[in-house]
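Chemist: What follows is a structure written as structure tokens; I'll ask about it next.
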Amino acid sequence: MAAAAAAAVGGPQPPQPELPAPGLALDKAATAAHLKAALSRPDNRAGAEELQALLERVLSAERPLAAAADGEEAAAAGGGGGPGAAEEEALEWCKCLLAGGGGYDEFCAAVRAYDPAALCGLVWTANFVAYRCRTCGISPCMSLCAECFHQGDHTGHDFNMFRSQAGGACDCGDSNVMRESGFCKRHQIKSSSNIPCVPKDLLMMSEFVLPRFIFCLIQYLREGYNEPAADVPSEKDLNKVLQLLEPQISFLEDLTKMGGAMRSVLTQVLTNQQNYKDLTSGLGENACAKKSHEKYLIALKSSGLTYPEDKLVYGLQEPSAGTSTLAVQGFAGATGTLGQLDSSDEEDQDGSQGLGKRKRVKLSSSTKDQSIMDVLKHKSFLEELLFWTIKYEFPQKMVTFLLNMLPDQEYKVAFTKTFVQHYAFIMKTLKKSHESDTMSNRIVHISVQLFSNEELARQVTEECQLLDIMVTVLLYMMESCLIKSELQDEENSLHVVVNCGEALLKNNTYWPLVSDFINILSHQSVAKRFLEDHGLLVTWMNFVSFFQGMNLNKRELNEHVEFESQTYYAAFAAELEACAQPMWGLLSHCKVRETQEYTRNVVRYCLEALQDWFDAINFVDEPAPNQVTFHLPLHRYYAMFLSKAVKCQELDLDSVLPDQEMLMKLMIHPLQIQASLAEIHSNMWVRNGLQIKGQAMTYVQSHFCNSMIDPDIYLLQVCASRLDPDYFISSVFERFKVVDLLTMASQHQNTVLDAEHERSMLEGALTFLVILLSLRLHLGMSDDEILRAEMVAQLCMNDRTHSSLLDLIPENPNPKSGIIPGSYSFESVLSAVADFKAPVFEPGGSMQQGMYTPKAEVWDQEFDPVMVILRTVYRRDVQSAMDRYTAFLKQSGKFPGNPWPPYKKRTPLHPSYKGLMRLLHCKTLHIVLFTLLYKILMDHQNLSEHVLCMVLYLIELGLENSAEEESDEEASVCGPERCHDSWFPGSNLVSNMRHFINYVRVRVPETAPEVKRDSPASTSSDSLSSLHNSGTAQVFSLVAERRKKFQEIINRSSSEANQVVRPKTSNKWSAPGSAPQLTTAILEIKESILSLLIKLHHKLSGKQNSYYPPWLDDIEVLIQPEIPKYNHGDGITAVERILLKAALQSRMNKRIIEEICRKVTPPVPPKKITAAEKKTLDKEERRQKARERQQKLLAEFASRQKSFMETAMDVDSPENDIPMEIATAEPQVSEAVYDCVICGQSGPSSEDRPTGLVVLLQASSVLGQCRDNIEPKKLPITEEEQIYPWDTCAAVHDVRLSLLQRYFKDSSCLLAVSIGWEGGVYVQTCGHTLHIDCHKSYMESLRNDQVLQGFSVDKGEFTCPLCRQFANSVLPCYPGSNVESNLWQRASNKSIQDLIKEVEELQGRPGAFPSETNLSKEMESVMKDIKNTTQKKYRDYSKTPGSPDNDFLFMYSVARTNLELELIHRGGNLCSGGASTAGKRSCLNQLFHVLALHMRLYSIDSEYNPWRKLTQLVEEMNSQQGNEEQQPEVPILYHDVTSLLLIQILMMPQPLRKDHFTCIVKVLFTLLYTQALVALSVKCNEEDRLAWKHMGALKKNACDAEKSYEVLLSFVISELSKGKLYHEEGTQECAMVSPIAWSPESMEKYLQDFCLPFLRITSLLQHHLFGEDLPSCQEEEEFSVLSSCLGLLPTFYQTEHPFISASCLDWPVPAFDIISQWCFEINSFTERHAEQGKALLIQESRWKLPHLLQLPENYNTIFQYYHRKTCSVCTKVPKDPAVCLVCGTFVCLKGLCCKQQSYCECVLHSQNCGAGTGIFLLINASVIIIIRGHRFCLWGSVYLDAHGEEDRDLRRGKPLYICKERYKVLEQQWISHTFDHINKRWGPHYNGL
């Protein structure tokens, strides 16, 4: 055969379109074996040729693609099963050939044996759950698959679980990325020596077959690619091709999984250049190959890349093989192409082309060699495969295959180089892609694996110029979206910025490239190269300058903008990601002194770029008005490198600072931003819409602040410390537009600011100065101090959870910088400053998280208002911090009033920045402070407490930072140099404070009061002239001052020529029209700062002479300055503190203060009420009025609302057990009175205007979940554990009913049991009543209300108008008294026989339906509601559908359900007594009326009435067996006694009399007791029975024989022995027999336990019907207490001897007769069915309370089992798995796969398992979702992390632990049916869950 096969193959035949000959197809294995043998010979040429020919034929590239091209028609028409068949055939051949004739699976196993599995390398795609351990990771991108993570030891490590966004690969075993201690057991380094060498012949065939196979794949890819048309996206075609290739790529992927041996073969194949050349050159006679090669060239061309041969025109020879190729290739992908591409492909739209070009010309000159850049030459399969992978936009399968190969080291290097070579091409494809998001993820999936490895990154940087390529590619990418900058000089600006509206920025398309760049910069060796390369730094600064001044805002002055642009998101993201993160990356390598050179480089090029920028925007000295940009990345680079230089590298600051002129320019724009912030908060930008506020908030927000506001403030601090302080201060006030306000005059004109904005702008300016002077973030604080300050600021605003703190503390935004959130210092600082508050529950059901709150000493010493102001995004947070501070002071008794922000001592300044403090000691500032103090004292307008606070803060800062020695002489020497020297003698605040200022000349409007006061010139001219001569009247203009300073500096620093240009902007602010109205006045002041402060003290305290220098009493004050009493307080305290400090600093001041205090101070000017205060007074008045109005309303409400508060909301607090008085029935009135909560009227409920209770009807299966064993059910977390619902109450009752229905008459069966264990209707009320007609109109108004409600009005849902509790029906109140007091108070002395007769008669009367009244209509409609509440399957149990017995059964079961549930709410017994919480708002009484009314319509035929059987002896017993065919009735002993009770009572006319009730109970108790005896007799074994039978027979004739259980038991046994009940003592009997020996005590206990459930329900019923209280008792005496309460116990009963249950018996007819009658029924049944007869007798009466499933301690156990578990219905792994916490069923949330008739699986399950209520744990989110009917809500999580927080959606991935309290709350809400009331956020689910 082998020979024949060989002959068939022999000779190169042309490729055949049809399948190979049948012989071949049959025997691939033999052929393969033959070929393998041929190839193993030393001379294997012939074998090789044979194999090639075979492969040619098998892998012919034509077939599949023809099919692909012609699309489906070909597939339909073509025989042979379409294209798929041929491909499968080809794959089969390949598998056979690889295995060389053996089995493919055995071959795989053999290869795997040679796998040196040192690396895991498992590749995953998006949404995979992986782990990251920061303790073990070297690279921050490190990740582990779940298996490796769980097999390694990470206890106590800082790890988290995460859902992969872009996909990734497991790093276990890779010591470049993680520490070896974290490796799992499988990958702890094996030395490769113990892996045997691979035998040559094992993989020999692979080496021959695979090149052909891969080439075939590449041909498919070439063939399938068509250039997309101009605007039609062609993803569809590409996807089609990819689907066809799926099997081939999967085959390759499987090969990679065979381990190291196979991977190295694949690496050889993929990287071998000879193979590639031979196969793909496209030469030779094969037309198919030629065509394919042409397609490849076309694809290259269309990508803007060229094949080297076409390039010879440029005189560029193809580089000779050898070393130079790498250099050529390395740059091939980079950028030249882009130069061409951009101009041709994407013409700039808006004619800004010339501008773009100009920039580009400048660019390309800096790139290395233009011609190389266009060339992309592929030399191996790997390179072309990557090319097509990019062309096809990174198909997932291809990516996975390429990544699966990475564990092979040789491949890794080759692939990384190939990737870099294609980098520019990747960028272009990404820009054009329609699916850029998916593509970005796939790119990063690959690049993060390559660039996280430092060694590899370094190698590629050196050999392939990785950094050049990256920077250039980024630059080119941004070039495509530049626009002209409009900052400053709109017409002549040469600066270009990125356009934030472009898709490139809006969709973050640049993200993968930037992310790679940040990634490689995290490696020290790479970053050093970058910082050393001047060319790169220039290019990078060029790149950064594209973002400088982007997203410019222009203030709208006239009307509101039409369209609010949202581009600011893109702008902030771009600056953070593209500029700030690389900056932080570089900074992290500049930590030591040796790196000084790097900083110098960056600073140098940064300043150059800034200088270019100032020139480009034509900047002189004034910023253009009404413009602001928040983006100054160049300023920030400069600032951060300066800060680093001083802090870590010990550089001299002055050596890296520019000249004064440059500093002046540098400060302008950051200062402009600070002023604009104040303007925005003063609502001056309100016409720009909300987005401008958004920008102001983002600028200071925690993720941005340390890359934005912090560097800006630091830069301003640096400028301030080096510039002239007077110049700086006046610049600040001018920028904030409040210069005109700073005048002594009481009125002024502000030409640039509206009056309503003045106050807040002045506050802004002063606050800015305080921040500038007191912030030390970059001026000398250590990292730990900074962290502590940040944390304190955040905690002072609000208590915070651990995760929100982590989020709010600005960490270094470059995640690769080494300081990790959650690091050691974070935890230690946190525990030092804060206390943990464990999560608590509020009764309202809102769940708290674990919070951290500041310690008392932090409030006392560390609360820093300045830091808080700097870090607040919302202004209200500052207020919140102050409120909390106030509360702390009150609580700790430190200060009772309203405190001012405390003054906090600062850390010492770094020596380099000492100059900053000169600001506090410059005359300009002192003049401003003096003026403001004076204005505040004189009550001028537009000043606030905040202004005063800041003024005092600045004075105090000045005193704290004054020059140490102050010579009193020096002060007087100062000559009159400058125009305002006459204000203050020197520049030291300490001495200036005491300087008296007598007169001031001011410019005021002519209307000002100062003008009128001037005396006529004639009389006072001399006095005026004397003033002039003495030169004491001061005039001062801030603006003039600043101009002068600026001019001086310019003159010093620049040539005269420039001077002409400079002043052109200087008169911008003077408003020409405003001059004439101003006139000059001279004010007499005669104050100094000290005297103003003392007067201020008087003003604040409201007393004359309130200030008394403390040192006069206690000289100690001056020696120890830090006095705690001054630490906290209001303005008075602040003034005292300042005066004390002033006195301390100089003797002169001390003397002057004393002098001032001695003079009697003149009275303060009468206090004018300012507008602001008037406002507050008005507010007070309005509030007072509102309060009175409220009082009135509340009083009205109180009348309607009696005791509502106790009853409305507390769902489970049995403390306040005040029974809700639904009626206020006084004893003499028999009619109940109800209040309608809608119309407010009170009155009885009547037939024609009935009143109703607001009720919520809901179906419930809680009862059905009771189980009979104490052992709680656990949620299954392994395959073995499963939950079977056999032992639930619902299941047991179901079985019982179906058993009865099998053997007995249907109608009789339906009276023998209760239903409603599943799907029973539970009725609850909030206790409020309303008229039914009022309710109807209320519903109407709700229907017309368009507001989105959380409920559906059409389904009758509403909220109670008074307490807003959810409800869906109204239960009519039966007219008449609520509590039938008069009927049962009369003790009845009729005998039990008479009563029995009466009961029978009353039941016999047919219940005529009352006449058609409103009441009866309502009763009917509510009955309908009750029926519709539950599903049909829970109502219909009869065999004949629609039989009235069904309704009958359903109605009394509703009563049963409500009683049983109330019992459960009381904890399963009645020991606590009293009215329970449910009793408070019980509606059982009304419910009973409705049910009874309907039950009476069905009269039971008197023959069948069980009452007869209970109370009368039947004459002839045989009559029943007359007709055999008919099914017998259910024997009375099989009846459920509680059901009988409800039937009897509901059949009676209402209201019921108490003695009738007692009579019914007594009769039923005899039956119950007999049932207990029968069950007992069945439970025990033969000997016990004989003994008892004997023992009881002896006592039978005693007088109380009927009340002795021994006698009765013996009688029962003897009666039942007549039948076959006891006969089958077979094997199955042993199961039931309990091995305990029955003692009299245990028997008594058994009988009591058997009867107790009945007694409990009966007592509850009696309590509701007759209003009797339930007595409380101990558990062991429950039986006797309840039986006496029910009147079963004779009154003369003595309680001395032990209680015997039998003493409650009161037989209506002779006991032995009736028992033998009952036993006879049983015997006649067990004749035929002894087994079933016995099973029916043993009823389980002791159900345990219902519980939810028990959950494991650690969430991970649930997650690991369920998140990969397949759904039992659709056998897929669900996207959103969920598990039912009631029964443990696993379901797909929202899964369309498991949808049935438009119901998704969770909704369906909630109906089947909980009759509409479902509680599901969402596995992937750790939260619990509640489904209630047609609504759902998210309940929260019962799993919290170590800090007491939920982790919704497992975003943080920290370990979670069960919170038992929360779970208890959940269970409590489930049992008490209060989900609807407690959870507020409900929404409709439209059956889609």
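Labels used: A, B, ... for chains in the order of the structure tokens, numbers from 1 for residues in each chain, and numbers from 1 for ligands as shown.
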Excluding stretch 572-588 of chain A and residues on its chain fewer than 3 positions from it, collect all residues at most 8 Å away from it, counting only C-alpha atoms, and give them as a ChimeraX atom specification.

Modeler: /A:505,508,511,514-515,517-518,521-522,527,531,544,547,568-569,591,631,633,637,641,644,698,704,707,812-814,816-817

Chemist: Rounded to one decimal place, report the atom CA of A:Val1561-atom CA of A:Gln1674 distance in Å.

Modeler: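 Spanning atom CA of A:Val1561 to atom CA of A:Gln1674 is a straight-line distance of 23.2 Å.
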
Chemist: Near A:Val1237, within 7 Å and counting only C-alpha atoms, which residues show up once chain neighbours fewer than 2 positions away are dropped, as a list in words?

Modeler: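 Listing them by chain and then by number gives Arg1200, Asp1235, Cys1239, Gly1240, His1328, Thr1329, Leu1330, Pro1361 and Leu1362 of chain A.
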
Chemist: How about saving the chosen residues, N, CA and C atoms kept, as a PDB file, in the first residue's frame?

Modeler:
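The result, written out as out_28.pdb:
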ATOM      1  N   ARG A1200     -54.787  63.899  62.815  1.00  0.00           N
ATOM      2  CA  ARG A1200     -55.074  62.764  61.927  1.00  0.00           C
ATOM      3  C   ARG A1200     -54.203  61.567  62.230  1.00  0.00           C
ATOM      4  N   ASP A1235     -60.088  57.282  61.064  1.00  0.00           N
ATOM      5  CA  ASP A1235     -59.677  58.562  60.465  1.00  0.00           C
ATOM      6  C   ASP A1235     -59.243  58.304  59.043  1.00  0.00           C
ATOM      7  N   CYS A1239     -58.890  62.744  53.507  1.00  0.00           N
ATOM      8  CA  CYS A1239     -59.738  63.911  53.722  1.00  0.00           C
ATOM      9  C   CYS A1239     -59.719  64.374  55.170  1.00  0.00           C
ATOM     10  N   GLY A1240     -59.118  63.567  56.045  1.00  0.00           N
ATOM     11  CA  GLY A1240     -58.952  64.021  57.421  1.00  0.00           C
ATOM     12  C   GLY A1240     -60.187  63.889  58.288  1.00  0.00           C
ATOM     13  N   HIS A1328     -52.883  52.662  58.601  1.00  0.00           N
ATOM     14  CA  HIS A1328     -53.648  53.874  58.310  1.00  0.00           C
ATOM     15  C   HIS A1328     -54.907  53.533  57.520  1.00  0.00           C
ATOM     16  N   THR A1329     -55.945  54.316  57.770  1.00  0.00           N
ATOM     17  CA  THR A1329     -57.222  54.004  57.108  1.00  0.00           C
ATOM     18  C   THR A1329     -57.602  55.152  56.197  1.00  0.00           C
ATOM     19  N   LEU A1330     -58.424  54.845  55.204  1.00  0.00           N
ATOM     20  CA  LEU A1330     -58.920  55.906  54.341  1.00  0.00           C
ATOM     21  C   LEU A1330     -60.282  55.503  53.793  1.00  0.00           C
ATOM     22  N   PRO A1361     -50.721  57.663  51.745  1.00  0.00           N
ATOM     23  CA  PRO A1361     -50.604  59.128  51.674  1.00  0.00           C
ATOM     24  C   PRO A1361     -49.964  59.713  52.926  1.00  0.00           C
ATOM     25  N   LEU A1362     -50.033  58.996  54.035  1.00  0.00           N
ATOM     26  CA  LEU A1362     -49.484  59.577  55.260  1.00  0.00           C
ATOM     27  C   LEU A1362     -48.034  59.156  55.487  1.00  0.00           C
TER      28      LEU A1362
END

Chemist: Closest to A:Lys277 among A:Glu1087, A:His378, A:Arg179, A:Phe836, using only C-alpha atoms?

Modeler: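 Of the candidates, the smallest distance to A:Lys277 is held by A:His378.
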
Chemist: Quick one: residues within 12 Å of A:Tyr1437, only C-alpha atoms, excluding same-chain residues fewer than 4 positions away - as number ranges by chain?

Modeler: A: 1294, 1297-1298, 1300-1301, 1306-1307, 1309-1311, 1313-1316, 1432-1433, 1441-1450

Chemist: Return the single residue from A:Tyr727, A:Tyr131, A:Leu772, A:Asn160 that is closest to A:Glu1048, with distances computed using only C-alpha atoms.

Modeler: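 For A:Glu1048, the nearest of the candidates is A:Tyr727.
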
Chemist: Would you kindly return, as a ChimeraX atom specification, each protein, DNA or RNA residue with an atom no farther than 12 Å from any atom of A:Ala1711, considering only C-alpha atoms and excluding same-chain residues fewer than 4 positions away?

Modeler: /A:1510-1513,1563,1566-1567,1569-1570,1596,1600-1605,1607-1609,1611-1612,1705-1707,1715-1718

Chemist: Excluding A:Arg134 and any residue of its chain fewer than 4 positions from it, enumerate the residues within 9 Å of it, using only C-alpha atoms, and give them as a PyMOL selection string.

Modeler: chain A and resi 138-140+142+157-160+820

Chemist: Counting only C-alpha atoms, what is within 10 Å of A:Asp408, bar same-chain residues fewer than 6 positions away, as an mmCIF file with C-alpha atoms, in the first residue's frame?

Modeler:
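Written output follows (result31.cif):
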data_model
loop_
_atom_site.group_PDB
_atom_site.id
_atom_site.type_symbol
_atom_site.label_atom_id
_atom_site.label_comp_id
_atom_site.auth_asym_id
_atom_site.auth_seq_id
_atom_site.Cartn_x
_atom_site.Cartn_y
_atom_site.Cartn_z
ATOM 1 C CA LEU A 119 7.306 30.093 32.725
ATOM 2 C CA GLY A 121 2.882 32.431 30.053
ATOM 3 C CA THR A 256 2.227 26.704 21.037
ATOM 4 C CA GLY A 259 5.395 23.468 25.387
ATOM 5 C CA GLY A 260 8.964 24.603 24.908
ATOM 6 C CA ALA A 261 10.115 21.986 22.403
ATOM 7 C CA MET A 262 7.429 22.829 19.850
ATOM 8 C CA ARG A 263 7.806 26.565 20.475
ATOM 9 C CA SER A 264 11.459 26.485 19.547
ATOM 10 C CA LEU A 266 7.995 27.429 15.568
ATOM 11 C CA THR A 267 10.509 30.158 16.418
#

Chemist: So how many Å separate atom CA of A:Gln396 and atom CA of A:Ile249, to one decimal?

Modeler: 10.4 Å

Chemist: Wanna dump the stretch 606-694 of chain A-stretch 913-918 of chain A contacts at 12 Å for me, each residue with its shortest atom pair and the distance in Å to one decimal, counting only C-alpha atoms, ordered by chain and number, as JSON lines?

Modeler:
{"residue": "A:Leu642", "atom": "CA", "partner": "A:Tyr913", "partner_atom": "CA", "distance": 11.8}
{"residue": "A:Ser643", "atom": "CA", "partner": "A:Tyr913", "partner_atom": "CA", "distance": 10.8}
{"residue": "A:Val646", "atom": "CA", "partner": "A:Tyr913", "partner_atom": "CA", "distance": 9.9}
{"residue": "A:Lys647", "atom": "CA", "partner": "A:Tyr913", "partner_atom": "CA", "distance": 11.5}
{"residue": "A:Asp652", "atom": "CA", "partner": "A:Tyr913", "partner_atom": "CA", "distance": 11.0}
{"residue": "A:Leu653", "atom": "CA", "partner": "A:Tyr913", "partner_atom": "CA", "distance": 8.8}
{"residue": "A:Asp654", "atom": "CA", "partner": "A:Tyr913", "partner_atom": "CA", "distance": 10.3}

Chemist: Which residue, A:Gly167, A:Gly694, A:Pro407, A:Pro623, has the smallest gap to A:Met667 when you use only C-alpha atoms?

Modeler: A:Pro623

Chemist: Pick out the closest residue to A:Arg1296 from this set: A:Lys1159, A:His1535, A:His1465, A:Arg212. Count only C-alpha atoms.

Modeler: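 Among the listed residues, A:His1535 lies closest to A:Arg1296.
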